[in-house]
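*Asks:* One structure, as structure tokens, below. Some questions next.
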Amino acid sequence: LPLINTIFEGNANIASYCAPLMLVHPLQLMVGSALVPRLEKYSNAQDVPSKMESNEASGVKSTIQKDEKGDKAAAKGEPKPLAAETTEVVTCKKAWIGQVIGPQGSTLKDIQSITGAQVLIDNSNDDPVPIRVSGSQKSISSAVAKIEAIIKEAENPDYEGSEGKKWRQEADRCAEMAEACAKEKDALFDSGDKAGGHAKLDEVKEWQQKMRGANGKAAQAIFQHRNKGKGERYMDFHGLRSQEMLDILELKMATLKGKGGDVELIPGAGHHSQGAAVLKPVVINYLKKNGFDYEEQNAGVLI
């Protein structure tokens with residue numbers, strides 16, 4: 001109307017030009033309002049998702065019967081009934097629940113996003129901890145499989161990975177050769193063969209040097225195996241020895257110097273160690289010595 005008024009300003013017939021708009025617009029509103037209920041009913045009938053087939057043999061018959069009922073309902077113009085959601089409970093030792101949740105809840109979010117199931121972890125002090133998985137049978141089966149795989153890995157972890165194992169085995173072989181040469185060296189010195197003893201001593205040092213090199217490669221491979229794709233502010237030290245961990249920690253923290261923010265350090269709680277935790281005291285001592293503020297997120301994680 002403002003546009004017509006501007007174009008035909010001063011025209012004696014301007015009222016005639018505006019009259020159709022004054023009539024059509026209210027008519028559109030009335031007709032549209034009258035059609036809304038019918039359009040909504042039609043849309044609901046078309047958009048209801050079909051039922052997902054049950055994965056369990058015992059549920060096949062009932063699923064087919066429900067689908068037949070749904071088909072009859074659809075023939076009458078009625079929507080099919082939606083598949084009912086169910087819930088399954090998985091239990092996890094409290095020591096491993098952090099593995100299921102993941103850094104800042106990332107693992108739990110991934111499980112829900114990939115499977116479509118809803119996963120709720122009980123906040124009680126129960127041990128084992130109940131984990132409730134809800135959704136369709138297919139989504140529940142997929143989520144439960146992922147959760148159980150995480151728990152299995154936590155109980156029997158592969159800390160080293162294939163590359164780390166290879167170099168650890170090579171380091172152990174070099175250590176055995178160094179020990180064998182050391183015995184031969186002692187025997188030569190005892191027999192009075194000083195020249196032979198010194199030659200064998202050089203072999204001992206050579207094998208020891210190879211052992212240190214192999215362990216260094218093993219440490220790098222293990223750290224990469226545990227931290228691949230998790231960013232520079234996440235450091236999982238499982239599978240490393242104390243000095244190896246300390247060397248990597250000092251190097252990584254030096255690269256973050258002056259950047260501020262939080263860093264997640266995972267020395268572990270010592271669940272798989274003989275006796276108390278080995279790495280955690282070393283990390284805490286390093287943080288105190290270098291003036292870092294930290295807090296324990298749980299028994300095996302420091303922020």
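Chain labels follow the order of the structure tokens: the first chain is A, the next B, and so on; residue numbering restarts at 1 in every chain, and ligands are counted from 1 in their shown order.
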Quick one: residues within 10 Å of region 89-101 of chain A, only C-alpha atoms, excluding same-chain residues fewer than 3 positions away - as a ChimeraX atom specification?

*Replies:* /A:104-111,119-122,125-134,140,144,146-155,269,271,297-301

*Asks:* If you run DSSP on the backbone here, which positions in region 63-198 of chain A get alpha helix (DSSP H)? Please write them as a PyMOL selection string.

*Replies:* chain A and resi 63-75+97-101+106-115+137-155+161-190+194-198

*Asks:* Write to file, as an mmCIF file, in the first residue's frame, the residues of the selection just made, with C-alpha atoms.

*Replies:*
data_model
loop_
_atom_site.group_PDB
_atom_site.id
_atom_site.type_symbol
_atom_site.label_atom_id
_atom_site.label_comp_id
_atom_site.auth_asym_id
_atom_site.auth_seq_id
_atom_site.Cartn_x
_atom_site.Cartn_y
_atom_site.Cartn_z
ATOM 1 C CA THR A 63 7.357 -56.564 15.241
ATOM 2 C CA ILE A 64 5.730 -57.986 12.105
ATOM 3 C CA GLN A 65 2.325 -58.021 13.759
ATOM 4 C CA LYS A 66 2.702 -54.375 14.812
ATOM 5 C CA ASP A 67 3.733 -53.423 11.283
ATOM 6 C CA GLU A 68 0.654 -55.167 9.868
ATOM 7 C CA LYS A 69 -1.523 -53.179 12.253
ATOM 8 C CA GLY A 70 0.290 -50.046 11.225
ATOM 9 C CA ASP A 71 -0.299 -50.829 7.530
ATOM 10 C CA LYS A 72 -4.031 -51.263 8.159
ATOM 11 C CA ALA A 73 -4.084 -47.983 10.045
ATOM 12 C CA ALA A 74 -2.230 -46.278 7.193
ATOM 13 C CA ALA A 75 -4.798 -47.639 4.729
ATOM 14 C CA ILE A 97 33.957 -44.876 34.549
ATOM 15 C CA GLY A 98 36.221 -41.998 33.531
ATOM 16 C CA GLN A 99 37.179 -43.969 30.418
ATOM 17 C CA VAL A 100 33.501 -44.208 29.428
ATOM 18 C CA ILE A 101 32.973 -40.471 29.975
ATOM 19 C CA SER A 106 33.841 -36.370 24.696
ATOM 20 C CA THR A 107 33.647 -40.178 24.622
ATOM 21 C CA LEU A 108 30.127 -40.234 26.053
ATOM 22 C CA LYS A 109 28.999 -37.577 23.550
ATOM 23 C CA ASP A 110 30.473 -39.578 20.664
ATOM 24 C CA ILE A 111 28.656 -42.749 21.744
ATOM 25 C CA GLN A 112 25.322 -40.924 21.866
ATOM 26 C CA SER A 113 25.920 -39.096 18.585
ATOM 27 C CA ILE A 114 26.985 -42.197 16.641
ATOM 28 C CA THR A 115 24.400 -44.644 17.995
ATOM 29 C CA GLN A 137 16.787 -51.814 20.251
ATOM 30 C CA LYS A 138 19.260 -51.177 17.426
ATOM 31 C CA SER A 139 20.678 -48.006 18.997
ATOM 32 C CA ILE A 140 20.886 -49.672 22.429
ATOM 33 C CA SER A 141 22.773 -52.691 21.040
ATOM 34 C CA SER A 142 25.259 -50.416 19.280
ATOM 35 C CA ALA A 143 25.828 -48.183 22.339
ATOM 36 C CA VAL A 144 26.185 -51.128 24.733
ATOM 37 C CA ALA A 145 28.754 -52.752 22.417
ATOM 38 C CA LYS A 146 30.843 -49.552 22.409
ATOM 39 C CA ILE A 147 30.608 -49.149 26.197
ATOM 40 C CA GLU A 148 31.591 -52.780 26.811
ATOM 41 C CA ALA A 149 34.558 -52.413 24.431
ATOM 42 C CA ILE A 150 35.759 -49.375 26.408
ATOM 43 C CA ILE A 151 35.416 -51.254 29.701
ATOM 44 C CA LYS A 152 37.295 -54.261 28.272
ATOM 45 C CA GLU A 153 40.104 -51.990 27.092
ATOM 46 C CA ALA A 154 40.241 -50.334 30.532
ATOM 47 C CA GLU A 155 40.467 -53.688 32.296
ATOM 48 C CA GLY A 161 50.397 -50.264 20.643
ATOM 49 C CA SER A 162 52.093 -52.387 17.971
ATOM 50 C CA GLU A 163 54.960 -49.949 17.299
ATOM 51 C CA GLY A 164 55.649 -49.433 20.992
ATOM 52 C CA LYS A 165 55.667 -53.187 21.610
ATOM 53 C CA LYS A 166 58.124 -53.711 18.753
ATOM 54 C CA TRP A 167 60.655 -51.251 20.180
ATOM 55 C CA ARG A 168 60.202 -52.463 23.765
ATOM 56 C CA GLN A 169 60.959 -55.996 22.575
ATOM 57 C CA GLU A 170 64.029 -54.725 20.734
ATOM 58 C CA ALA A 171 65.179 -52.896 23.880
ATOM 59 C CA ASP A 172 64.713 -56.082 25.929
ATOM 60 C CA ARG A 173 66.759 -58.055 23.378
ATOM 61 C CA CYS A 174 69.574 -55.505 23.565
ATOM 62 C CA ALA A 175 69.476 -55.650 27.372
ATOM 63 C CA GLU A 176 69.802 -59.455 27.272
ATOM 64 C CA MET A 177 72.764 -59.213 24.889
ATOM 65 C CA ALA A 178 74.422 -56.614 27.132
ATOM 66 C CA GLU A 179 73.972 -58.894 30.147
ATOM 67 C CA ALA A 180 75.403 -61.893 28.283
ATOM 68 C CA CYS A 181 78.423 -59.869 27.152
ATOM 69 C CA ALA A 182 78.940 -58.594 30.716
ATOM 70 C CA LYS A 183 79.202 -62.190 31.979
ATOM 71 C CA GLU A 184 81.719 -63.013 29.246
ATOM 72 C CA LYS A 185 83.651 -59.867 30.118
ATOM 73 C CA ASP A 186 83.874 -60.877 33.780
ATOM 74 C CA ALA A 187 85.046 -64.351 32.812
ATOM 75 C CA LEU A 188 87.803 -62.937 30.580
ATOM 76 C CA PHE A 189 89.071 -60.587 33.292
ATOM 77 C CA ASP A 190 89.021 -63.433 35.832
ATOM 78 C CA LYS A 194 92.584 -58.145 30.022
ATOM 79 C CA ALA A 195 92.593 -57.356 26.288
ATOM 80 C CA GLY A 196 89.669 -59.692 25.700
ATOM 81 C CA GLY A 197 87.903 -58.292 28.741
ATOM 82 C CA HIS A 198 88.208 -54.693 27.511
#

*Asks:* Please run DSSP on the backbone and report, as an MDAnalysis selection string, all residues within region 51-295 of chain A that come out as strand (DSSP E or B).

*Replies:* chainID A and resid 86:92 118:121 129:135 234:236 264:266

*Asks:* Find the distance between CA of Gln224 (chain A) and CA of Leu240 (chain A) and write it in Å to one decimal.

*Replies:* 11.2 Å

*Asks:* Expressed in Å to a single decimal, how great is the separation between CA of Lys217 (chain A) and CA of Glu160 (chain A)?

*Replies:* 11.5 Å

*Asks:* Interatomic distance between CA of Gly231 (chain A) and CA of Val263 (chain A)?

*Replies:*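 We find that CA of Gly231 (chain A) and CA of Val263 (chain A) lie 10.0 Å from each other.
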
*Asks:* Check the smallest atom-to-atom distance from each of A:Glu264, A:Val278, A:Arg233, A:Ser124 to Glu295 (chain A) using only C-alpha atoms, then report the winner.

*Replies:*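 Counting only C-alpha atoms, the residue closest to Glu295 (chain A) is A:Glu264.
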